[in-house]
>>> print(open('query-v8.cif').read())   # mmCIF, C-alpha atoms
data_my_file
#
loop_
_atom_site.group_PDB
_atom_site.id
_atom_site.type_symbol
_atom_site.label_atom_id
_atom_site.label_comp_id
_atom_site.auth_asym_id
_atom_site.auth_seq_id
_atom_site.Cartn_x
_atom_site.Cartn_y
_atom_site.Cartn_z
ATOM 1 C CA MET G 1 62.506 30.905 -39.130
ATOM 2 C CA VAL G 2 59.293 30.427 -37.277
ATOM 3 C CA ALA G 3 56.629 27.931 -38.216
ATOM 4 C CA ASN G 4 53.787 28.928 -40.491
ATOM 5 C CA PHE G 5 50.438 28.548 -38.826
ATOM 6 C CA GLU G 6 46.816 28.342 -39.851
ATOM 7 C CA TRP G 7 43.546 27.214 -38.308
ATOM 8 C CA ASP G 8 41.790 24.415 -40.212
ATOM 9 C CA GLU G 9 38.389 22.786 -39.767
ATOM 10 C CA ASP G 10 36.929 19.416 -40.723
ATOM 11 C CA ASN G 11 33.254 19.060 -41.602
ATOM 12 C CA GLY G 12 30.718 16.546 -42.827
ATOM 13 C CA ALA G 13 30.541 12.787 -42.878
ATOM 14 C CA GLY G 14 33.352 12.830 -45.406
ATOM 15 C CA GLN G 15 35.519 14.947 -43.117
ATOM 16 C CA THR G 16 36.054 17.663 -45.694
ATOM 17 C CA ARG G 17 38.928 19.908 -44.712
ATOM 18 C CA THR G 18 38.915 23.700 -44.945
ATOM 19 C CA HIS G 19 42.267 25.434 -44.570
ATOM 20 C CA ASN G 20 43.044 28.855 -43.147
ATOM 21 C CA LEU G 21 39.646 29.645 -41.665
ATOM 22 C CA SER G 22 38.168 33.064 -42.153
ATOM 23 C CA ASN G 23 35.985 32.648 -39.076
ATOM 24 C CA CYS G 24 34.920 30.068 -36.533
ATOM 25 C CA ASN G 25 31.305 31.094 -36.120
ATOM 26 C CA TRP G 26 29.087 28.505 -34.511
ATOM 27 C CA GLY G 27 25.694 27.931 -36.084
ATOM 28 C CA ASN G 28 22.774 25.735 -37.032
ATOM 29 C CA VAL G 29 24.715 24.156 -39.869
ATOM 30 C CA ASP G 30 27.788 21.950 -40.212
ATOM 31 C CA GLN G 31 29.943 24.303 -42.240
ATOM 32 C CA ALA G 32 33.288 26.055 -42.057
ATOM 33 C CA ASN G 33 33.372 29.833 -42.372
ATOM 34 C CA LEU G 34 29.636 29.981 -41.889
ATOM 35 C CA ASP G 35 27.678 33.199 -42.220
ATOM 36 C CA PRO G 36 25.694 33.759 -39.017
ATOM 37 C CA THR G 37 23.489 36.364 -40.660
ATOM 38 C CA VAL G 38 21.845 33.720 -42.838
ATOM 39 C CA GLU G 39 18.558 32.879 -41.154
ATOM 40 C CA ALA G 40 18.954 29.127 -41.575
ATOM 41 C CA ASN G 41 22.365 29.265 -39.898
ATOM 42 C CA LYS G 42 21.127 30.849 -36.678
ATOM 43 C CA ILE G 43 21.060 28.694 -33.558
ATOM 44 C CA LEU G 44 17.540 28.255 -32.250
ATOM 45 C CA ILE G 45 16.997 29.323 -28.664
ATOM 46 C CA GLY G 46 17.114 26.304 -26.424
ATOM 47 C CA GLU G 47 19.156 24.309 -28.897
ATOM 48 C CA ASN G 48 22.830 23.690 -29.560
ATOM 49 C CA SER G 49 25.032 24.707 -32.441
ATOM 50 C CA TYR G 50 26.597 22.036 -34.585
ATOM 51 C CA SER G 51 29.809 20.886 -32.998
ATOM 52 C CA LYS G 52 33.005 22.149 -34.582
ATOM 53 C CA TYR G 53 36.317 20.353 -35.120
ATOM 54 C CA ILE G 54 39.049 22.965 -35.519
ATOM 55 C CA PHE G 55 42.781 22.410 -35.224
ATOM 56 C CA GLY G 56 46.114 24.154 -35.631
ATOM 57 C CA HIS G 57 48.197 23.362 -38.720
ATOM 58 C CA PHE G 58 51.963 24.034 -38.683
ATOM 59 C CA SER G 59 54.269 24.037 -41.672
ATOM 60 C CA GLY G 60 57.413 25.746 -42.887
ATOM 61 C CA THR G 61 60.719 25.764 -41.072
ATOM 62 C CA TYR G 62 60.860 24.513 -37.517
ATOM 63 C CA GLY G 63 62.405 21.687 -35.540
ATOM 64 C CA GLN G 64 59.716 20.903 -33.020
ATOM 65 C CA ILE G 65 56.231 22.045 -32.062
ATOM 66 C CA GLY G 66 55.379 21.796 -28.357
ATOM 67 C CA PRO G 67 55.423 21.083 -25.517
ATOM 68 C CA ASN G 68 53.322 23.326 -23.272
ATOM 69 C CA GLY G 69 50.345 23.433 -25.620
ATOM 70 C CA LYS G 70 47.380 25.224 -24.054
ATOM 71 C CA LEU G 71 44.032 26.482 -25.334
ATOM 72 C CA TRP G 72 41.559 28.718 -23.544
ATOM 73 C CA LYS G 73 39.109 31.547 -24.111
ATOM 74 C CA SER G 74 40.931 34.735 -23.279
ATOM 75 C CA GLY G 75 38.435 37.345 -24.384
ATOM 76 C CA GLY G 76 34.805 38.038 -25.118
ATOM 77 C CA SER G 77 31.814 37.447 -22.932
ATOM 78 C CA LEU G 78 28.873 35.188 -23.487
ATOM 79 C CA PRO G 79 25.280 36.328 -22.960
ATOM 80 C CA GLY G 80 23.135 34.719 -20.315
ATOM 81 C CA ASN G 81 21.857 31.206 -20.954
ATOM 82 C CA VAL G 82 24.571 30.632 -23.543
ATOM 83 C CA THR G 83 27.654 28.496 -22.902
ATOM 84 C CA LEU G 84 30.628 27.536 -25.014
ATOM 85 C CA LYS G 85 31.676 23.928 -24.484
ATOM 86 C CA ALA G 86 35.102 22.674 -25.457
ATOM 87 C CA ALA G 87 37.496 19.761 -25.268
ATOM 88 C CA MET G 88 40.599 18.518 -27.055
ATOM 89 C CA THR G 89 40.168 15.176 -28.791
ATOM 90 C CA ASN G 90 41.805 12.946 -31.378
ATOM 91 C CA THR G 91 38.500 11.561 -32.574
ATOM 92 C CA TYR G 92 36.512 13.185 -35.332
ATOM 93 C CA ALA G 93 32.782 12.569 -35.453
ATOM 94 C CA THR G 94 30.379 13.998 -37.974
ATOM 95 C CA PRO G 95 29.334 17.303 -36.392
ATOM 96 C CA SER G 96 25.847 17.363 -34.948
ATOM 97 C CA LYS G 97 23.642 19.342 -32.608
ATOM 98 C CA THR G 98 23.709 16.619 -30.003
ATOM 99 C CA GLY G 99 25.371 17.872 -26.847
ATOM 100 C CA THR G 100 29.048 17.032 -26.890
ATOM 101 C CA GLY G 101 29.148 16.372 -23.171
ATOM 102 C CA ASP G 102 32.165 18.624 -22.836
ATOM 103 C CA GLY G 103 32.677 21.155 -20.073
ATOM 104 C CA ASP G 104 32.725 24.923 -20.400
ATOM 105 C CA ILE G 105 35.759 26.238 -22.225
ATOM 106 C CA PRO G 106 38.363 27.421 -19.708
ATOM 107 C CA THR G 107 38.638 31.181 -19.441
ATOM 108 C CA SER G 108 42.085 31.405 -17.860
ATOM 109 C CA GLU G 109 45.459 30.091 -18.872
ATOM 110 C CA GLY G 110 45.821 28.348 -15.555
ATOM 111 C CA ALA G 111 42.813 26.193 -16.320
ATOM 112 C CA ALA G 112 43.547 25.820 -20.040
ATOM 113 C CA LEU G 113 42.929 22.665 -22.023
ATOM 114 C CA ALA G 114 46.134 20.732 -22.662
ATOM 115 C CA VAL G 115 46.964 20.614 -26.373
ATOM 116 C CA ASN G 116 48.869 17.720 -27.915
ATOM 117 C CA PHE G 117 50.563 17.650 -31.313
ATOM 118 C CA GLY G 118 51.343 15.116 -34.027
ATOM 119 C CA SER G 119 51.383 14.395 -37.733
ATOM 120 C CA SER G 120 47.583 14.653 -37.905
ATOM 121 C CA PRO G 121 44.816 15.723 -35.528
ATOM 122 C CA GLU G 122 43.991 12.065 -35.031
ATOM 123 C CA THR G 123 47.563 11.203 -34.030
ATOM 124 C CA ALA G 124 48.255 14.353 -32.048
ATOM 125 C CA THR G 125 48.743 12.498 -28.792
ATOM 126 C CA SER G 126 52.147 13.767 -27.682
ATOM 127 C CA SER G 127 53.026 16.995 -25.935
ATOM 128 C CA SER G 128 55.471 17.755 -28.765
ATOM 129 C CA THR G 129 56.222 16.606 -32.291
ATOM 130 C CA THR G 130 58.899 16.960 -34.922
ATOM 131 C CA ALA G 131 56.466 16.067 -37.708
ATOM 132 C CA ASN G 132 56.280 18.541 -40.571
ATOM 133 C CA PRO G 133 53.558 19.437 -41.268
ATOM 134 C CA ALA G 134 52.284 19.146 -37.730
ATOM 135 C CA TYR G 135 48.837 19.453 -36.276
ATOM 136 C CA SER G 136 47.225 19.997 -32.938
ATOM 137 C CA ALA G 137 44.519 17.661 -31.761
ATOM 138 C CA PHE G 138 40.950 18.652 -32.626
ATOM 139 C CA TRP G 139 39.539 21.503 -30.619
ATOM 140 C CA ARG G 140 35.917 20.348 -30.383
ATOM 141 C CA SER G 141 33.537 23.146 -29.491
ATOM 142 C CA GLN G 142 29.826 23.795 -29.356
ATOM 143 C CA ILE G 143 27.542 26.642 -28.344
ATOM 144 C CA GLN G 144 24.727 25.478 -26.099
ATOM 145 C CA THR G 145 21.696 27.591 -25.281
ATOM 146 C CA VAL G 146 18.778 27.206 -22.958
ATOM 147 C CA ALA G 147 15.417 28.926 -22.798
ATOM 148 C CA GLY G 148 15.832 32.573 -21.998
ATOM 149 C CA ALA G 149 18.839 33.122 -24.223
ATOM 150 C CA ALA G 150 18.502 36.467 -25.934
ATOM 151 C CA PRO G 151 18.271 36.556 -29.730
ATOM 152 C CA GLY G 152 21.208 37.952 -31.653
ATOM 153 C CA SER G 153 24.925 37.502 -32.056
ATOM 154 C CA ILE G 154 26.983 36.333 -29.103
ATOM 155 C CA GLY G 155 29.767 38.675 -30.158
ATOM 156 C CA SER G 156 33.394 37.974 -30.763
ATOM 157 C CA GLN G 157 35.188 35.419 -28.620
ATOM 158 C CA THR G 158 38.991 35.318 -28.431
ATOM 159 C CA ILE G 159 40.575 31.892 -28.364
ATOM 160 C CA SER G 160 44.228 31.688 -27.299
ATOM 161 C CA LEU G 161 46.583 28.922 -28.327
ATOM 162 C CA LYS G 162 49.971 28.794 -26.653
ATOM 163 C CA TYR G 163 52.823 26.410 -27.425
ATOM 164 C CA ASP G 164 56.584 26.134 -27.484
ATOM 165 C CA GLU G 165 58.514 25.896 -30.729
ATOM 166 C CA SER G 166 62.146 25.244 -31.423
ATOM 167 C CA MET K 1 57.337 31.706 -46.474
ATOM 168 C CA SER K 2 58.134 31.571 -42.771
ATOM 169 C CA ASP K 3 58.844 34.733 -40.826
ATOM 170 C CA MET K 4 62.342 35.327 -39.496
ATOM 171 C CA PRO K 5 62.569 35.133 -35.718
ATOM 172 C CA ALA K 6 63.513 38.223 -33.726
ATOM 173 C CA TYR K 7 66.242 36.243 -31.981
ATOM 174 C CA LYS K 8 68.516 33.721 -33.642
ATOM 175 C CA TRP K 9 70.679 31.290 -31.719
ATOM 176 C CA VAL K 10 74.410 30.737 -31.978
ATOM 177 C CA ALA K 11 76.099 27.717 -30.396
ATOM 178 C CA ILE K 12 79.805 27.856 -29.534
ATOM 179 C CA PHE K 13 81.349 24.400 -29.383
ATOM 180 C CA ARG K 14 84.902 23.526 -28.364
ATOM 181 C CA ASP K 15 85.994 23.365 -31.979
ATOM 182 C CA ARG K 16 83.346 25.126 -34.006
ATOM 183 C CA ARG K 17 80.555 27.649 -34.100
ATOM 184 C CA LEU K 18 77.064 26.900 -35.365
ATOM 185 C CA SER K 19 74.474 29.548 -36.211
ATOM 186 C CA GLN K 20 70.793 28.877 -36.619
ATOM 187 C CA PHE K 21 71.098 30.449 -40.051
ATOM 188 C CA ASP K 22 74.540 30.041 -41.549
ATOM 189 C CA GLU K 23 76.195 32.251 -44.157
ATOM 190 C CA LYS K 24 74.914 29.997 -46.933
ATOM 191 C CA GLY K 25 71.354 30.433 -45.756
ATOM 192 C CA LYS K 26 71.053 26.921 -44.416
ATOM 193 C CA VAL K 27 68.828 26.452 -41.386
ATOM 194 C CA HIS K 28 70.163 24.453 -38.431
ATOM 195 C CA TYR K 29 68.018 22.836 -35.787
ATOM 196 C CA PHE K 30 68.557 23.104 -32.051
ATOM 197 C CA ASN K 31 67.100 19.724 -31.154
ATOM 198 C CA GLU K 32 69.118 17.874 -33.781
ATOM 199 C CA GLU K 33 72.383 19.796 -34.032
ATOM 200 C CA VAL K 34 72.945 21.347 -30.615
ATOM 201 C CA LEU K 35 71.237 19.387 -27.882
ATOM 202 C CA PRO K 36 72.779 15.992 -28.729
ATOM 203 C CA TYR K 37 76.255 17.568 -28.521
ATOM 204 C CA ALA K 38 75.819 19.371 -25.211
ATOM 205 C CA ASP K 39 79.004 17.792 -23.857
ATOM 206 C CA GLN K 40 80.999 19.721 -26.484
ATOM 207 C CA LEU K 41 79.205 23.012 -25.983
ATOM 208 C CA LEU K 42 80.928 25.962 -24.341
ATOM 209 C CA SER K 43 78.208 28.576 -24.581
ATOM 210 C CA PHE K 44 74.874 29.228 -26.216
ATOM 211 C CA TRP K 45 73.596 32.620 -27.358
ATOM 212 C CA LEU K 46 70.477 34.415 -28.510
ATOM 213 C CA VAL K 47 71.272 37.294 -30.831
ATOM 214 C CA GLY K 48 68.649 39.908 -31.659
ATOM 215 C CA PRO K 49 67.579 43.227 -30.155
ATOM 216 C CA ARG K 50 69.541 42.054 -27.113
ATOM 217 C CA THR K 51 72.440 39.638 -26.885
ATOM 218 C CA ILE K 52 71.981 36.980 -24.262
ATOM 219 C CA GLY K 53 74.251 34.050 -23.598
ATOM 220 C CA VAL K 54 74.680 31.244 -21.161
ATOM 221 C CA CYS K 55 77.985 29.589 -20.264
ATOM 222 C CA LEU K 56 77.533 25.848 -20.198
ATOM 223 C CA LYS K 57 80.560 25.413 -17.985
ATOM 224 C CA THR K 58 79.549 27.681 -15.111
ATOM 225 C CA GLY K 59 75.849 28.317 -15.632
ATOM 226 C CA ASP K 60 76.544 32.062 -15.746
ATOM 227 C CA PHE K 61 74.376 34.281 -17.939
ATOM 228 C CA GLN K 62 75.617 37.148 -20.099
ATOM 229 C CA ILE K 63 73.061 39.876 -20.822
ATOM 230 C CA ASP K 64 74.210 42.407 -23.393
ATOM 231 C CA ASP K 65 77.466 43.677 -21.904
ATOM 232 C CA LEU K 66 76.652 42.603 -18.392
ATOM 233 C CA SER K 67 77.742 39.370 -16.835
ATOM 234 C CA LEU K 68 75.337 37.752 -14.447
ATOM 235 C CA PRO K 69 77.474 35.429 -12.375
ATOM 236 C CA PHE K 70 74.798 32.972 -11.552
ATOM 237 C CA ARG K 71 77.335 30.478 -10.240
ATOM 238 C CA LEU K 72 74.494 28.165 -9.413
ATOM 239 C CA ALA K 73 76.121 25.384 -11.304
ATOM 240 C CA GLN K 74 79.137 25.574 -9.072
ATOM 241 C CA HIS K 75 77.047 26.150 -5.971
ATOM 242 C CA VAL K 76 74.941 23.129 -6.669
ATOM 243 C CA ASP K 77 78.029 21.200 -7.578
ATOM 244 C CA VAL K 78 79.472 21.743 -4.120
ATOM 245 C CA GLU K 79 76.506 20.206 -2.373
ATOM 246 C CA TYR K 80 75.088 17.852 -4.947
ATOM 247 C CA PRO K 81 77.172 16.659 -7.865
ATOM 248 C CA ILE K 82 75.828 17.362 -11.323
ATOM 249 C CA GLU K 83 75.620 14.259 -13.456
ATOM 250 C CA GLY K 84 76.878 15.058 -16.925
ATOM 251 C CA PRO K 85 77.157 18.417 -18.696
ATOM 252 C CA LEU K 86 74.859 21.399 -18.405
ATOM 253 C CA ARG K 87 72.365 21.049 -21.203
ATOM 254 C CA PRO K 88 71.226 24.189 -23.029
ATOM 255 C CA ILE K 89 67.580 25.206 -23.106
ATOM 256 C CA PHE K 90 66.093 27.058 -26.026
ATOM 257 C CA PHE K 91 62.541 27.472 -27.226
ATOM 258 C CA ARG K 92 60.188 30.130 -28.445
ATOM 259 C CA ARG K 93 56.856 30.302 -26.634
ATOM 260 C CA THR K 94 54.138 31.487 -28.972
ATOM 261 C CA THR K 95 50.699 32.767 -28.038
ATOM 262 C CA ARG K 96 48.145 33.190 -30.800
ATOM 263 C CA GLN K 97 44.772 34.802 -30.304
ATOM 264 C CA LEU K 98 41.985 33.854 -32.688
ATOM 265 C CA ASP K 99 38.978 36.119 -33.135
ATOM 266 C CA SER K 100 35.990 33.834 -33.592
ATOM 267 C CA VAL K 101 34.129 36.262 -35.833
ATOM 268 C CA THR K 102 36.872 37.404 -38.163
ATOM 269 C CA GLY K 103 38.972 34.234 -38.022
ATOM 270 C CA ARG K 104 42.012 36.464 -37.821
ATOM 271 C CA GLU K 105 44.596 36.956 -35.141
ATOM 272 C CA VAL K 106 43.539 39.617 -32.662
ATOM 273 C CA ALA K 107 47.149 40.758 -32.489
ATOM 274 C CA LYS K 108 50.485 39.649 -33.825
ATOM 275 C CA PRO K 109 51.613 36.364 -32.268
ATOM 276 C CA TYR K 110 53.360 37.007 -28.971
ATOM 277 C CA TYR K 111 56.799 35.421 -28.971
ATOM 278 C CA VAL K 112 58.784 34.880 -25.802
ATOM 279 C CA TYR K 113 62.263 33.445 -26.267
ATOM 280 C CA ALA K 114 63.677 31.174 -23.599
ATOM 281 C CA ILE K 115 67.364 30.475 -22.994
ATOM 282 C CA GLY K 116 69.029 28.668 -20.127
ATOM 283 C CA TRP K 117 70.435 25.415 -18.916
ATOM 284 C CA GLN K 118 69.398 22.301 -17.108
ATOM 285 C CA ALA K 119 71.244 19.507 -15.411
ATOM 286 C CA THR K 120 70.655 16.306 -13.552
ATOM 287 C CA VAL K 121 71.425 16.493 -9.856
ATOM 288 C CA GLN K 122 71.308 13.851 -7.181
ATOM 289 C CA ILE K 123 69.636 15.087 -4.022
ATOM 290 C CA PRO K 124 69.084 13.188 -0.780
ATOM 291 C CA ILE K 125 65.486 12.195 -0.202
ATOM 292 C CA LEU K 126 64.185 10.775 3.060
ATOM 293 C CA ALA K 127 63.525 7.094 2.490
ATOM 294 C CA ALA K 128 60.159 5.484 3.089
ATOM 295 C CA ASP K 129 61.324 4.064 6.397
ATOM 296 C CA LYS K 130 62.256 7.633 7.429
ATOM 297 C CA LYS K 131 65.474 6.314 8.909
ATOM 298 C CA ARG K 132 67.863 7.181 6.154
ATOM 299 C CA TYR K 133 68.363 9.301 3.078
ATOM 300 C CA GLU K 134 68.695 7.888 -0.386
ATOM 301 C CA PRO K 135 69.831 9.640 -3.555
ATOM 302 C CA LYS K 136 67.260 10.685 -6.095
ATOM 303 C CA GLU K 137 67.927 12.192 -9.502
ATOM 304 C CA VAL K 138 66.139 15.449 -10.185
ATOM 305 C CA ASN K 139 66.345 17.899 -13.043
ATOM 306 C CA VAL K 140 67.266 21.474 -12.181
ATOM 307 C CA LYS K 141 66.795 24.206 -14.733
ATOM 308 C CA HIS K 142 67.387 27.924 -14.960
ATOM 309 C CA ILE K 143 65.645 29.800 -17.736
ATOM 310 C CA LEU K 144 65.701 33.419 -18.813
ATOM 311 C CA TYR K 145 62.582 34.499 -20.716
ATOM 312 C CA VAL K 146 63.048 37.314 -23.218
ATOM 313 C CA HIS K 147 59.855 39.218 -24.013
ATOM 314 C CA PRO K 148 59.256 41.202 -27.221
ATOM 315 C CA ASP K 149 59.818 44.538 -25.472
ATOM 316 C CA GLY K 150 63.170 43.363 -24.141
ATOM 317 C CA THR K 151 61.920 42.610 -20.652
ATOM 318 C CA LEU K 152 63.793 39.734 -19.050
ATOM 319 C CA VAL K 153 62.183 37.372 -16.593
ATOM 320 C CA PHE K 154 63.948 34.581 -14.756
ATOM 321 C CA GLY K 155 61.880 31.464 -14.431
#
>>> encode(input="query-v8.cif", output="structure tokens")
Amino acid sequence: MVANFEWDEDNGAGQTRTHNLSNCNWGNVDQANLDPTVEANKILIGENSYSKYIFGHFSGTYGQIGPNGKLWKSGGSLPGNVTLKAAMTNTYATPSKTGTGDGDIPTSEGAALAVNFGSSPETATSSSTTANPAYSAFWRSQIQTVAGAAPGSIGSQTISLKYDES
Amino acid sequence: MSDMPAYKWVAIFRDRRLSQFDEKGKVHYFNEEVLPYADQLLSFWLVGPRTIGVCLKTGDFQIDDLSLPFRLAQHVDVEYPIEGPLRPIFFRRTTRQLDSVTGREVAKPYYVYAIGWQATVQIPILAADKKRYEPKEVNVKHILYVHPDGTLVFG
């Protein structure tokens, strides 16, 4: 059998966990599955979104997850003056609008972020794991805008996660 | 409930046969029940839409009814001795695509199955003084990637 998979997200100072995300919209609020049509959730031009801490969650029947974990943006385009920052990390911090300091998310597999795995996002430091359940490290992401960014939705972005399983 | 894989492995040992899913429904694990016993393994197979095997004695591949006499194991063996048995390679490479707006997968996960072998070989490397060669252990591997549409790619 193949492993079960879901995307999860941690939020808040208490690191509240939301399983099986129904979206990963970035916004002006620290919230999983946020509704970007709510006025208060919209990112103000010239500001950043709240950072997001999303990770892969594996369960079910498998022997090993990894190696060769990679994450990159494989689809969707960003409007001018808007960037999507990303990094893989084992450290959770209460999401905020402060710039994460991360680079632009890679847009090709060749430049993908390396993804590690482990028994929790905080301990996902190895290229592979036999833990069950298993988790990827945190995919930390943030939308950053500067003056001149056009109002409105940035549109759908496709995030690819690739890994070996046995 | 986990999905069933398109390809299931079967390991043929000198004295027994082990399937990923046996007749009693028990699941067996490659890393725990095959790889540690590579020295007893004769061949390793992926069974699904195609049948693909690798002989752990010669390094030859079998693709459906066709034999692919790779013979690399023997070829390498002539020049550089292989240390220990050929070790089987098996994994499933999964690509998932998340849509940021819907939170759903853009398409079904893309599974590529990999089967092959690897071995440790000693090759001569020019020493730092550039006056002599010294042996160095390197890992050689030969992998056949099986894509969902049946396409085969050697890597």
>>> resolve_selection(input="query-v8.cif", expression="the PyMOL selection byres ((chain G) within 10 of (chain K))", output="ChimeraX atom specification")
/G:1-7,20-26,33-36,59-76,130,154-166
>>> atom_distance(input="query-v8.cif", atom1="atom CA of K:Leu42", atom2="atom CA of K:Gly59")
10.4 Å
>>> residues_around(input="query-v8.cif", residues="K:Pro135", least_positions_apart="3", cutoff="12 Å", atoms="all atoms listed in the file", output="list in words")
Tyr80, Pro81, Val121, Gln122, Ile123, Pro124, Ile125, Leu126, Ala127, Arg132 and Val138 of chain K
>>> resolve_selection(input="query-v8.cif", expression="the PyMOL selection byres ((chain K and resi 150) around 12)", output="MDAnalysis selection string")
chainID K and resid 6:7 48:52 63:64 111:113 144:149 151:153
>>> atom_distance(input="query-v8.cif", atom1="atom CA of K:Ile143", atom2="atom CA of K:Thr120")
15.0 Å
>>> closest_residue(input="query-v8.cif", among="G:Pro121, G:Pro79, G:Gly103, G:Gly110", to="G:Tyr53", atoms="all atoms listed in the file")
G:Pro121
>>> atom_distance(input="query-v8.cif", atom1="atom CA of G:Ala149", atom2="atom CA of G:Thr83")
10.0 Å
>>> residues_around(input="query-v8.cif", residues="stretch 9-12 of chain K", least_positions_apart="3", cutoff="7 Å", atoms="all atoms listed in the file", output="list in words")
Arg16, Arg17, Leu18, Ser19, Gln20, Leu41, Leu42, Ser43, Phe44, Trp45, Leu46 and Val47 of chain K
>>> residues_near_point(input="query-v8.cif", point="(58.1, 16.4, -37.7)", cutoff="8 Å", atoms="all atoms listed in the file", output="PyMOL selection string")
chain G and resi 63-64+118-119+129-134
>>> resolve_selection(input="query-v8.cif", expression="the PyMOL selection byres ((chain K and resi 139) around 12)", output="list in words")
Val76, Tyr80, Ile82, Glu83, Gly84, Leu86, Arg87, Trp117, Gln118, Ala119, Thr120, Val121, Gln122, Ile123, Lys136, Glu137, Val138, Val140, Lys141 and His142 of chain K
>>> write_last_selection(input="query-v8.cif", atoms="C-alpha atoms", output="PDB file, in the coordinates of the input")
ATOM      1  CA  VAL K  76      74.941  23.129  -6.669  1.00  0.00           C
ATOM      2  CA  TYR K  80      75.088  17.852  -4.947  1.00  0.00           C
ATOM      3  CA  ILE K  82      75.828  17.362 -11.323  1.00  0.00           C
ATOM      4  CA  GLU K  83      75.620  14.259 -13.456  1.00  0.00           C
ATOM      5  CA  GLY K  84      76.878  15.058 -16.925  1.00  0.00           C
ATOM      6  CA  LEU K  86      74.859  21.399 -18.405  1.00  0.00           C
ATOM      7  CA  ARG K  87      72.365  21.049 -21.203  1.00  0.00           C
ATOM      8  CA  TRP K 117      70.435  25.415 -18.916  1.00  0.00           C
ATOM      9  CA  GLN K 118      69.398  22.301 -17.108  1.00  0.00           C
ATOM     10  CA  ALA K 119      71.244  19.507 -15.411  1.00  0.00           C
ATOM     11  CA  THR K 120      70.655  16.306 -13.552  1.00  0.00           C
ATOM     12  CA  VAL K 121      71.425  16.493  -9.856  1.00  0.00           C
ATOM     13  CA  GLN K 122      71.308  13.851  -7.181  1.00  0.00           C
ATOM     14  CA  ILE K 123      69.636  15.087  -4.022  1.00  0.00           C
ATOM     15  CA  LYS K 136      67.260  10.685  -6.095  1.00  0.00           C
ATOM     16  CA  GLU K 137      67.927  12.192  -9.502  1.00  0.00           C
ATOM     17  CA  VAL K 138      66.139  15.449 -10.185  1.00  0.00           C
ATOM     18  CA  VAL K 140      67.266  21.474 -12.181  1.00  0.00           C
ATOM     19  CA  LYS K 141      66.795  24.206 -14.733  1.00  0.00           C
ATOM     20  CA  HIS K 142      67.387  27.924 -14.960  1.00  0.00           C
TER      21      HIS K 142
END
>>> closest_residue(input="query-v8.cif", among="G:Ser96, G:Asn48, G:Ser77, G:Asn116", to="G:Gln31", atoms="all atoms listed in the file")
G:Ser96
